[in-house]
Amino acid sequence: MNTVLAQWRQRHDVTLPRLLGVLPVLVLVLMALCPGLFTGLDPLAGQTGERLMAPSAAHWFGTDQFGRDVFARIMHGSFSTLSAAMLAVAISLLVAIPLGLAAGLGGRRLSGAILAGADMVLAIPELFLSLSIITLIGPGAMHVAFAVGISQVAGFTRMIRTEVVRVRATEYVEAAFGIGSTFWQVVWRHIVPNSLAPALSLATLRLGTAILAISTICFLGYGPSPPTPEWGLMITEGRNYLATAWWLTTFPGLAIIFSAWAATLLSRAIRVDP
Amino acid sequence: MTRYILSRAAQALLVLWGAFTLSFVLLQVMPGDAVLIKFQDPELGLSPQQISDIRASYGADESAFVQYAHVLGRTLAGQLGYSIETGVPVSRMLHAAYPTTLRLAVVSFGGAIALATVFATAALLAPLRPLRAGLRLVPGLASGIPVFWLEIVAIQLVSFHWKLVPVVGVSGWMAVLLPGLALAIPISAPLTQVFLSAAERVMAQPFIDVLRARGASPLRILYAHVLPNALPPTLTISGLVFGEILAGAVVTETVFGLDGLGQLAQQAVANQDVAVLQAIILISVAGFVVINFTVDALHPLIDPRIRRTQGGGAA
């Protein structure tokens, strides 16, 4: 048993830093799936007698203008942010994988056209791109995820294409052609798995970027509407009490930072070095 | 050399045209035509005849292709159209708003350069390897901090708590001081990262060891030898930095209540005022393209190696 475990650890290069790197994201996922484990308080129902109370033993992160527990709202808010960020990255990958493969495998014209298109899109700052999409489809939690996902497609496409081009030039691909494999056999057996693994670990890194982009758009007011517990929206609402209740804006911000860093740590932990 | 510059210029124009077309397709061709959304409101009490007149005056009743040709034509002539929300020429709105954003950009860009210089020097020259390695992680961590949160904390601490810089009832450069410095932190992060990795590649080269053996001081090696070699890769992201500052202005001007281009963009999204939003996107793309072209054109002057490879005529 022990040797099996040791073999598995060796094969997957499982080290303590790697395990620790996965931990923050596990905490986040647990928070999003069962917020009840962390807090017994309702994120939506406020106690009228407990408005704008500073952090205390009863309310770790204080209470807001409706007497709602800020800690409970942050725990419950993790679902909205995390699911939107994952949806955004999934949408980017869904569109970018075929485009990136086509740009890496296709002829000069096709790959030139895709790369030129990506360059044009990359000239527009991502925030402007996602705000344009929001203008088009209207605000809302899912719409924000869609807008952020689409605005990251160009970057993902170039990233995947770079990996495909790198794998295509390796000796094992040349050898596979040498023993008579067809083009599609080589693509499926060698190029797709070997180029997508590093691309996926980079995609994890983009999860952090997506979390920041989503909370920014929600802060600007185009995400879910109140009383939904959403971190960016909580900060917008807390701005009205800037001078008196610092905890309303400080803690949701720390939650955003924690999750962005957690995504970065995860991508380092699962990084597949090419 | 001329061929190199011409090909870069053609590429720049192509990107500008492509981004213009993309923003047009996104904002003006897709369903939900903004004029209709705004004037269909029953409270305005407009008859269908009046609405179609208004749509005709904005050109919204034409086919997508005719609209595109029209918008491209007038944009090339320097006409940015009219705001659907207020009816004011977009160029006039931009003219009123740009000084604030320009000041904000100057402060945040200057602040970012200063911050990146100080920080990179510290990260490269600090004693003890663990300390250097720790400092090396800071820019990556800093880019995980949301700008709007950083700015809100800055208001709370710097302005309300320590009472150092006022944010209420201020104008001109004073109004952009704190916002600009707060925005400088996320702007400096990518600059520092790119510069540090370029600097580390340079410092691994043998000529640095030679300089060290000859007794050059670490500061002299850094500023006289590493800096000129590590600067070109850093310059290549300056177009990106411009876009980041303009996008950062949307958030920053919202937090601090400044009336610049960012605020204009934010209101344009809220009111579906597509002409205004498209004009601001066009400004950001034009800035990106012009800066990238300038950097590309200057590159051979800064880096003799590129001059040599371009000299053969290959583009």
# chains A, B, ... in the order shown; residues from 1 in each chain; ligands from 1
call {"tool": "interface_residues", "arguments": {"of": "chain A", "to": "chain B", "cutoff": "9 Å", "atoms": "only C-alpha atoms", "output": "PyMOL selection string"}}
result
chain A and resi 116-117+119-129+131-137+208-209+212-213+215-216+219-222+232+235+239+242-243+246+249-250+252-254+256-261+264
call {"tool": "select_by_dssp", "arguments": {"residues": "range 178-244 of chain A", "states": "alpha helix (DSSP H)", "output": "PyMOL selection string"}}
result
chain A and resi 178+183-186+192-219+231-238
call {"tool": "write_last_selection", "arguments": {"atoms": "C-alpha atoms", "output": "mmCIF file, in the first residue's frame"}}
result
data_model
loop_
_atom_site.group_PDB
_atom_site.id
_atom_site.type_symbol
_atom_site.label_atom_id
_atom_site.label_comp_id
_atom_site.auth_asym_id
_atom_site.auth_seq_id
_atom_site.Cartn_x
_atom_site.Cartn_y
_atom_site.Cartn_z
ATOM 1 C CA GLY A 178 8.075 8.775 -39.761
ATOM 2 C CA PHE A 183 -1.984 13.630 -39.800
ATOM 3 C CA TRP A 184 -5.104 13.244 -37.634
ATOM 4 C CA GLN A 185 -3.593 10.317 -35.695
ATOM 5 C CA VAL A 186 -0.614 12.459 -34.770
ATOM 6 C CA VAL A 192 -3.610 17.617 -28.531
ATOM 7 C CA PRO A 193 -2.622 16.006 -25.196
ATOM 8 C CA ASN A 194 0.871 17.490 -25.074
ATOM 9 C CA SER A 195 -0.121 21.013 -25.979
ATOM 10 C CA LEU A 196 -3.321 21.240 -23.967
ATOM 11 C CA ALA A 197 -1.799 20.145 -20.643
ATOM 12 C CA PRO A 198 0.440 23.234 -20.290
ATOM 13 C CA ALA A 199 -2.357 25.370 -21.747
ATOM 14 C CA LEU A 200 -4.763 24.139 -19.082
ATOM 15 C CA SER A 201 -2.400 24.989 -16.258
ATOM 16 C CA LEU A 202 -2.086 28.480 -17.739
ATOM 17 C CA ALA A 203 -5.880 28.575 -17.864
ATOM 18 C CA THR A 204 -5.905 28.121 -14.084
ATOM 19 C CA LEU A 205 -3.777 31.244 -13.838
ATOM 20 C CA ARG A 206 -6.409 33.058 -15.880
ATOM 21 C CA LEU A 207 -8.990 31.990 -13.312
ATOM 22 C CA GLY A 208 -7.504 34.635 -11.001
ATOM 23 C CA THR A 209 -7.690 37.265 -13.767
ATOM 24 C CA ALA A 210 -11.303 36.267 -14.394
ATOM 25 C CA ILE A 211 -12.157 36.627 -10.685
ATOM 26 C CA LEU A 212 -10.728 40.167 -10.712
ATOM 27 C CA ALA A 213 -12.477 41.106 -13.969
ATOM 28 C CA ILE A 214 -15.813 39.762 -12.752
ATOM 29 C CA SER A 215 -15.677 41.535 -9.408
ATOM 30 C CA THR A 216 -14.684 44.767 -11.182
ATOM 31 C CA ILE A 217 -17.715 44.609 -13.473
ATOM 32 C CA CYS A 218 -19.961 43.712 -10.526
ATOM 33 C CA PHE A 219 -18.469 46.660 -8.623
ATOM 34 C CA TRP A 231 -18.139 40.558 -3.334
ATOM 35 C CA GLY A 232 -17.826 43.388 -5.871
ATOM 36 C CA LEU A 233 -21.414 44.471 -5.269
ATOM 37 C CA MET A 234 -20.870 44.363 -1.484
ATOM 38 C CA ILE A 235 -18.011 46.840 -1.918
ATOM 39 C CA THR A 236 -20.226 49.132 -4.039
ATOM 40 C CA GLU A 237 -22.894 49.103 -1.337
ATOM 41 C CA GLY A 238 -20.326 49.592 1.423
#
call {"tool": "residues_around", "arguments": {"residues": "Ile221 in chain B", "least_positions_apart": "3", "cutoff": "8 Å", "atoms": "only C-alpha atoms", "output": "MDAnalysis selection string"}}
result
chainID B and resid 208 211:212 216:218 224:226
call {"tool": "write_last_selection", "arguments": {"atoms": "C-alpha atoms", "output": "short mmCIF file (atom, residue, chain, number, x, y, z; two decimals), in the first residue's frame"}}
result
data_model
loop_
_atom_site.label_atom_id
_atom_site.label_comp_id
_atom_site.auth_asym_id
_atom_site.auth_seq_id
_atom_site.Cartn_x
_atom_site.Cartn_y
_atom_site.Cartn_z
CA ILE B 208 28.36 40.90 -16.04
CA LEU B 211 32.38 43.77 -14.97
CA ARG B 212 32.08 42.51 -11.42
CA ALA B 216 32.28 47.81 -10.97
CA SER B 217 29.79 48.56 -8.18
CA PRO B 218 26.44 46.71 -8.22
CA ALA B 224 24.92 51.41 -16.85
CA HIS B 225 24.85 47.85 -18.20
CA VAL B 226 21.75 45.87 -17.21
#
call {"tool": "residues_around", "arguments": {"residues": "range 20-26 of chain A", "least_positions_apart": "3", "cutoff": "9 Å", "atoms": "only C-alpha atoms", "output": "ChimeraX atom specification"}}
result
/A:15-17,29-31,258-259,261-270
call {"tool": "atom_distance", "arguments": {"atom1": "CA of Leu183 in chain B", "atom2": "CA of Ser108 in chain B"}}
result
5.7 Å
call {"tool": "atom_distance", "arguments": {"atom1": "CA of Val164 in chain A", "atom2": "CA of Ile191 in chain A"}}
result
6.5 Å
call {"tool": "atom_distance", "arguments": {"atom1": "CA of Gly67 in chain A", "atom2": "CA of Leu248 in chain A"}}
result
11.5 Å
call {"tool": "closest_atom_pairs", "arguments": {"of": "range 125-157 of chain A", "to": "range 74-98 of chain A", "cutoff": "12 Å", "atoms": "only C-alpha atoms", "output": "tab-separated table"}}
result
residue	atom	partner	partner_atom	distance
A:Ser130	CA	A:Ala88	CA	11.2
A:Gly140	CA	A:Ala84	CA	10.8
A:Ala141	CA	A:Ala84	CA	7.2
A:Met142	CA	A:Ala84	CA	6.7
A:His143	CA	A:Ala84	CA	9.2
A:Val144	CA	A:Ala84	CA	7.6
A:Ala145	CA	A:Ala88	CA	4.8
A:Phe146	CA	A:Ala88	CA	5.8
A:Ala147	CA	A:Ala88	CA	7.7
A:Val148	CA	A:Ala88	CA	5.9
A:Gly149	CA	A:Ala88	CA	3.9
A:Ile150	CA	A:Ser92	CA	5.8
A:Ser151	CA	A:Ser92	CA	7.9
A:Gln152	CA	A:Ser92	CA	6.0
A:Val153	CA	A:Ser92	CA	4.8
A:Ala154	CA	A:Ala96	CA	7.3
A:Gly155	CA	A:Ala96	CA	8.5
A:Phe156	CA	A:Ala96	CA	5.8
A:Thr157	CA	A:Ala96	CA	4.7
call {"tool": "write_last_selection", "arguments": {"atoms": "C-alpha atoms", "output": "PDB file, in the first residue's frame"}}
result
ATOM      1  CA  SER A 130     -16.454  42.985 -21.725  1.00  0.00           C
ATOM      2  CA  GLY A 140     -26.619  40.056 -14.808  1.00  0.00           C
ATOM      3  CA  ALA A 141     -24.424  37.448 -13.137  1.00  0.00           C
ATOM      4  CA  MET A 142     -24.312  34.986 -16.051  1.00  0.00           C
ATOM      5  CA  HIS A 143     -23.926  37.786 -18.585  1.00  0.00           C
ATOM      6  CA  VAL A 144     -20.825  39.047 -16.768  1.00  0.00           C
ATOM      7  CA  ALA A 145     -19.294  35.551 -16.878  1.00  0.00           C
ATOM      8  CA  PHE A 146     -20.063  35.326 -20.597  1.00  0.00           C
ATOM      9  CA  ALA A 147     -18.646  38.799 -21.298  1.00  0.00           C
ATOM     10  CA  VAL A 148     -15.423  38.118 -19.377  1.00  0.00           C
ATOM     11  CA  GLY A 149     -15.060  34.696 -21.016  1.00  0.00           C
ATOM     12  CA  ILE A 150     -15.422  36.064 -24.534  1.00  0.00           C
ATOM     13  CA  SER A 151     -13.074  38.972 -23.880  1.00  0.00           C
ATOM     14  CA  GLN A 152     -10.319  36.519 -22.859  1.00  0.00           C
ATOM     15  CA  VAL A 153     -10.629  34.341 -25.990  1.00  0.00           C
ATOM     16  CA  ALA A 154      -7.954  36.139 -28.023  1.00  0.00           C
ATOM     17  CA  GLY A 155      -5.315  35.734 -25.313  1.00  0.00           C
ATOM     18  CA  PHE A 156      -6.150  32.055 -24.829  1.00  0.00           C
ATOM     19  CA  THR A 157      -6.045  31.422 -28.582  1.00  0.00           C
TER      20      THR A 157
END
call {"tool": "decode", "arguments": {"residues": "range 78-102 of chain A", "atoms": "C-alpha atoms", "output": "mmCIF file, in the first residue's frame"}}
result
data_model
loop_
_atom_site.group_PDB
_atom_site.id
_atom_site.type_symbol
_atom_site.label_atom_id
_atom_site.label_comp_id
_atom_site.auth_asym_id
_atom_site.auth_seq_id
_atom_site.Cartn_x
_atom_site.Cartn_y
_atom_site.Cartn_z
ATOM 1 C CA SER A 78 -18.058 32.834 -2.899
ATOM 2 C CA PHE A 79 -20.411 30.681 -4.975
ATOM 3 C CA SER A 80 -21.358 33.522 -7.306
ATOM 4 C CA THR A 81 -17.752 34.649 -7.891
ATOM 5 C CA LEU A 82 -16.247 31.182 -8.201
ATOM 6 C CA SER A 83 -18.923 29.782 -10.514
ATOM 7 C CA ALA A 84 -18.833 32.882 -12.722
ATOM 8 C CA ALA A 85 -15.030 32.717 -12.981
ATOM 9 C CA MET A 86 -15.091 29.009 -13.861
ATOM 10 C CA LEU A 87 -17.827 29.578 -16.424
ATOM 11 C CA ALA A 88 -15.825 32.433 -17.940
ATOM 12 C CA VAL A 89 -12.667 30.327 -18.274
ATOM 13 C CA ALA A 90 -14.705 27.397 -19.648
ATOM 14 C CA ILE A 91 -16.256 29.657 -22.307
ATOM 15 C CA SER A 92 -12.840 31.053 -23.270
ATOM 16 C CA LEU A 93 -11.382 27.546 -23.581
ATOM 17 C CA LEU A 94 -14.361 26.251 -25.544
ATOM 18 C CA VAL A 95 -13.905 28.929 -28.187
ATOM 19 C CA ALA A 96 -10.113 29.210 -28.002
ATOM 20 C CA ILE A 97 -9.146 25.505 -28.203
ATOM 21 C CA PRO A 98 -10.476 24.973 -31.762
ATOM 22 C CA LEU A 99 -9.143 28.383 -32.837
ATOM 23 C CA GLY A 100 -5.730 27.771 -31.267
ATOM 24 C CA LEU A 101 -5.461 24.281 -32.786
ATOM 25 C CA ALA A 102 -6.476 25.614 -36.195
#
